[in-house]
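K.L.:
The structure is given below, and queries will be raised subsequently.
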Amino acid sequence: MLNRNQSVVIYGVNLRGAKNFEMLTEQNVHVEAFCDKVADQVTLFKGCEVLNMEEAVRSHGQSPFVISMDDEEEKNRVAEALESHGVEYYRNLPAFLQGEKDVEVDLVSCGEGMPFRLAERLLKKKAEPVCFSFGVGFDYTFEKELTEKYGAVVYAFDPTPEVIEYMKKSDILAKLHYFPFGLSDQDGRKAFHCPNSDRAYTDYSEYFAAWTSEKTITVEMYRLATLMDRYGYDHLDILKMDVEGSEFLALPEILESGVKFDQLCLETHARMFPDSVEKIRGIKKLLNDNGYLMISNGATEQTYIHKNMIEE
């Protein structure tokens with residue numbers, strides 16, 4: 001039997017609702033219906049029926065509702081109404097996918113295209129914070145900003161052929177060290193599935209997915225502990241992982257190995273799995289169980305900080 005995510009109802013026939021619909025379907029989550037007060041005017045949206053709240057609760061009350069709107073006052077009204085009906089609901093998409101943030105701290109964005117948010121106090125705590133960044137692609141603005149603005153020493157890793165060639169031609173700063181290796185749960189050479197489109201240059205993955213092909217290449221992969229030992233570190237200030245699904249193999253091994261890091265910038269790639277939400281929520285539980293608290297919560301990008309950094 002297919003192991004798939006539970007179905008959901010989206011509250012909000014609007015731009016946010018449309019974006020969340022696309023994100024949910026990409027994560028293999030089935031959208032049962034939309035719910036909105038304009039159901040009598042808009043009966044179909046994104047191929048789904050649009051119901052008023054009473055109809056939606058009566059027909060799909062066993063499914064969670066994801067509130068998809070930007071107006072906080074309206075969101076509060078909808079949340080109160082859903083709570084009065086006794087249905088499970090989430091105030092936004094990230095809360096449904098992996099849960100609410102664990103703690104509030106002052107954050108600063110780092111990088112351009114898909115920026116991560118970091119604890120500002122920790123960035124300024126050391127003169128030369130050390131970052132290991134896995135998954136550079138063609139955009140190393142995150143790594144470059146860490147070196148230029150915060151004086152960080154950055155070790156950047158990416159094993160994909162196009163990135164290797166790109167980095168050979170790049171003006172890499174003195175404090176940014178690049179290596180053509182990937183991150184996994186064991187040391188050795190592994191098969192990577194190639195992208196199925198010439199435009200998807202960096203979408204290589206250990207897993208076969210809709211955007212990869214059966215064609216594979218072999219790349220060098222290492223455990224985090226191995227690389228830290230190789231370059232002489234027993235502690236990291238920042239660990240960044242954007243590794244196209246390999247996080248589900250690497251992260252449990254990293255935590256079990258006892259490697260120490262203060263902040264984790266993580267991009268989750270669960271969309272190749274039918275139980276994607278279960279996997280994403282499992283990552284948060286695993287990190288929480290090992291003392292890491294979520295401080296920034298995006299649909300695909302999250303940041304965690306070790307609880308000892310909060311208590312200092």
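Order determines the names: the first chain of the structure tokens is A, the second B, and so forth; residues in each chain are numbered 1 upward, and ligands are numbered 1 upward as they are shown.
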Enumerate, as a ChimeraX atom specification, the complete set of residues in segment 59-289 of chain A that a backbone-based DSSP assignment places in strand (DSSP E or B).

P.N.:
/A:65-67,89-90,107-110,116-119,130-134,153-157,176-179,182-183,188-195,205,212-222,236-241,261-267

K.L.:
As JSON, numbers by chain, please: every residue in segment 161-199 of chain A that DSSP puts in alpha helix (DSSP H).

P.N.:
{"A": [161, 162, 163, 164, 165, 166, 167, 168]}

K.L.:
One decimal, Å: what's the distance from atom CA of Asp102 of chain A over to atom CA of Gly135 of chain A, could you say?

P.N.:
25.8 Å

K.L.:
Would you mind telling me which residue in A:Leu287, A:Phe134, A:Glu148, A:Thr160 lies nearest to Tyr222 of chain A when using only C-alpha atoms?

P.N.:
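With only C-alpha atoms as the atom set, the closest residue is A:Phe134.
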
K.L.:
Pull the closest atom pair for each residue of segment 144-214 of chain A that gets at most 9 Å from segment 110-122 of chain A, along with the distance in Å to one decimal, counting only C-alpha atoms, ordering rows by chain and then ascending residue number, as a tab-separated table.

P.N.:
residue	atom	partner	partner_atom	distance
A:Lys144	CA	A:Gly111	CA	8.0
A:Glu145	CA	A:Gly111	CA	6.5
A:Leu146	CA	A:Cys110	CA	7.4

K.L.:
Pick out the residues sitting within 9 Å of segment 254-258 of chain A, and hand them over as an mmCIF file with N, CA and C atoms, in the first residue's frame; count only C-alpha atoms, and ignore anything fewer than 6 positions along from it in its own chain.

P.N.:
data_model
loop_
_atom_site.group_PDB
_atom_site.id
_atom_site.type_symbol
_atom_site.label_atom_id
_atom_site.label_comp_id
_atom_site.auth_asym_id
_atom_site.auth_seq_id
_atom_site.Cartn_x
_atom_site.Cartn_y
_atom_site.Cartn_z
ATOM 1 N N ASP A 185 26.244 9.754 4.814
ATOM 2 C CA ASP A 185 26.383 9.045 6.084
ATOM 3 C C ASP A 185 27.568 8.095 6.101
ATOM 4 N N ARG A 223 31.563 11.691 5.442
ATOM 5 C CA ARG A 223 30.902 12.035 6.689
ATOM 6 C C ARG A 223 31.428 13.394 7.140
ATOM 7 N N LEU A 224 30.604 14.133 7.850
ATOM 8 C CA LEU A 224 31.043 15.428 8.357
ATOM 9 C C LEU A 224 32.240 15.267 9.290
ATOM 10 N N ALA A 225 32.201 14.258 10.154
ATOM 11 C CA ALA A 225 33.298 14.039 11.100
ATOM 12 C C ALA A 225 34.617 13.807 10.377
ATOM 13 N N LEU A 286 14.222 14.917 15.560
ATOM 14 C CA LEU A 286 15.579 14.428 15.763
ATOM 15 C C LEU A 286 16.483 15.545 16.278
ATOM 16 N N LEU A 287 16.373 16.726 15.683
ATOM 17 C CA LEU A 287 17.198 17.846 16.115
ATOM 18 C C LEU A 287 16.802 18.304 17.517
ATOM 19 N N ASN A 290 18.179 16.196 20.163
ATOM 20 C CA ASN A 290 19.624 16.348 20.335
ATOM 21 C C ASN A 290 20.017 17.762 20.772
#

K.L.:
Find the residues around segment 32-45 of chain A up to 12 Å (only C-alpha atoms counted), leave out those fewer than 6 positions away in its own chain, and share them as an mmCIF file with C-alpha atoms, in the first residue's frame.

P.N.:
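Output saved as result.cif:
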data_model
loop_
_atom_site.group_PDB
_atom_site.id
_atom_site.type_symbol
_atom_site.label_atom_id
_atom_site.label_comp_id
_atom_site.auth_asym_id
_atom_site.auth_seq_id
_atom_site.Cartn_x
_atom_site.Cartn_y
_atom_site.Cartn_z
ATOM 1 C CA GLN A 6 -2.446 12.904 4.963
ATOM 2 C CA SER A 7 -4.778 15.142 2.977
ATOM 3 C CA VAL A 8 -5.357 18.802 3.848
ATOM 4 C CA VAL A 9 -7.826 21.618 3.270
ATOM 5 C CA ILE A 10 -6.458 25.048 2.369
ATOM 6 C CA TYR A 11 -8.256 28.050 3.799
ATOM 7 C CA GLY A 12 -7.726 30.968 1.428
ATOM 8 C CA VAL A 13 -8.676 31.454 -2.215
ATOM 9 C CA ASN A 14 -5.915 33.959 -2.903
ATOM 10 C CA LEU A 15 -2.318 34.234 -4.056
ATOM 11 C CA GLY A 17 -3.456 29.850 -1.143
ATOM 12 C CA ALA A 18 -2.329 29.235 -4.728
ATOM 13 C CA ASN A 20 0.672 26.870 -0.824
ATOM 14 C CA PHE A 21 -1.324 24.576 -3.101
ATOM 15 C CA LEU A 24 1.812 21.045 -0.925
ATOM 16 C CA THR A 25 1.292 19.123 -4.149
ATOM 17 C CA LEU A 51 -16.473 25.372 0.239
ATOM 18 C CA ASN A 52 -17.617 27.649 3.014
ATOM 19 C CA MET A 53 -16.408 26.746 6.496
ATOM 20 C CA GLU A 54 -19.483 24.777 7.541
ATOM 21 C CA GLU A 55 -19.396 22.701 4.352
ATOM 22 C CA ALA A 56 -15.640 22.128 4.598
ATOM 23 C CA VAL A 57 -15.805 21.033 8.234
ATOM 24 C CA ARG A 58 -18.745 18.740 7.534
ATOM 25 C CA SER A 59 -17.111 17.110 4.482
ATOM 26 C CA HIS A 60 -13.411 17.218 5.419
ATOM 27 C CA GLY A 61 -13.266 17.880 9.148
ATOM 28 C CA GLN A 62 -11.034 14.835 9.628
ATOM 29 C CA SER A 63 -8.263 16.563 7.644
ATOM 30 C CA PRO A 64 -6.085 19.412 8.933
ATOM 31 C CA PHE A 65 -6.701 22.938 7.623
ATOM 32 C CA VAL A 66 -3.778 25.110 6.505
ATOM 33 C CA ILE A 67 -4.571 28.822 6.784
ATOM 34 C CA SER A 68 -3.158 30.622 3.765
ATOM 35 C CA MET A 69 -3.487 34.370 4.137
ATOM 36 C CA GLU A 74 -8.227 37.867 9.274
ATOM 37 C CA LYS A 75 -5.986 34.898 10.038
ATOM 38 C CA ARG A 77 -10.529 35.299 12.936
ATOM 39 C CA VAL A 78 -10.278 32.158 10.807
ATOM 40 C CA ALA A 81 -13.547 29.842 13.934
ATOM 41 C CA LEU A 82 -11.698 26.625 13.079
#

K.L.:
Taking only C-alpha atoms into account, name the residue in A:Thr202, A:Gln263, A:Ser296, A:Asn288 that is nearest to Cys131 of chain A.

P.N.:
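When distances to Cys131 of chain A are compared using only C-alpha atoms, the smallest one comes from A:Gln263.
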
K.L.:
Pick out the closest residue to Lys169 of chain A from this set: A:Phe138, A:Tyr89, A:Tyr150, A:Tyr233. Count only C-alpha atoms.

P.N.:
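Using only C-alpha atoms, Lys169 of chain A sits closest to A:Phe138.
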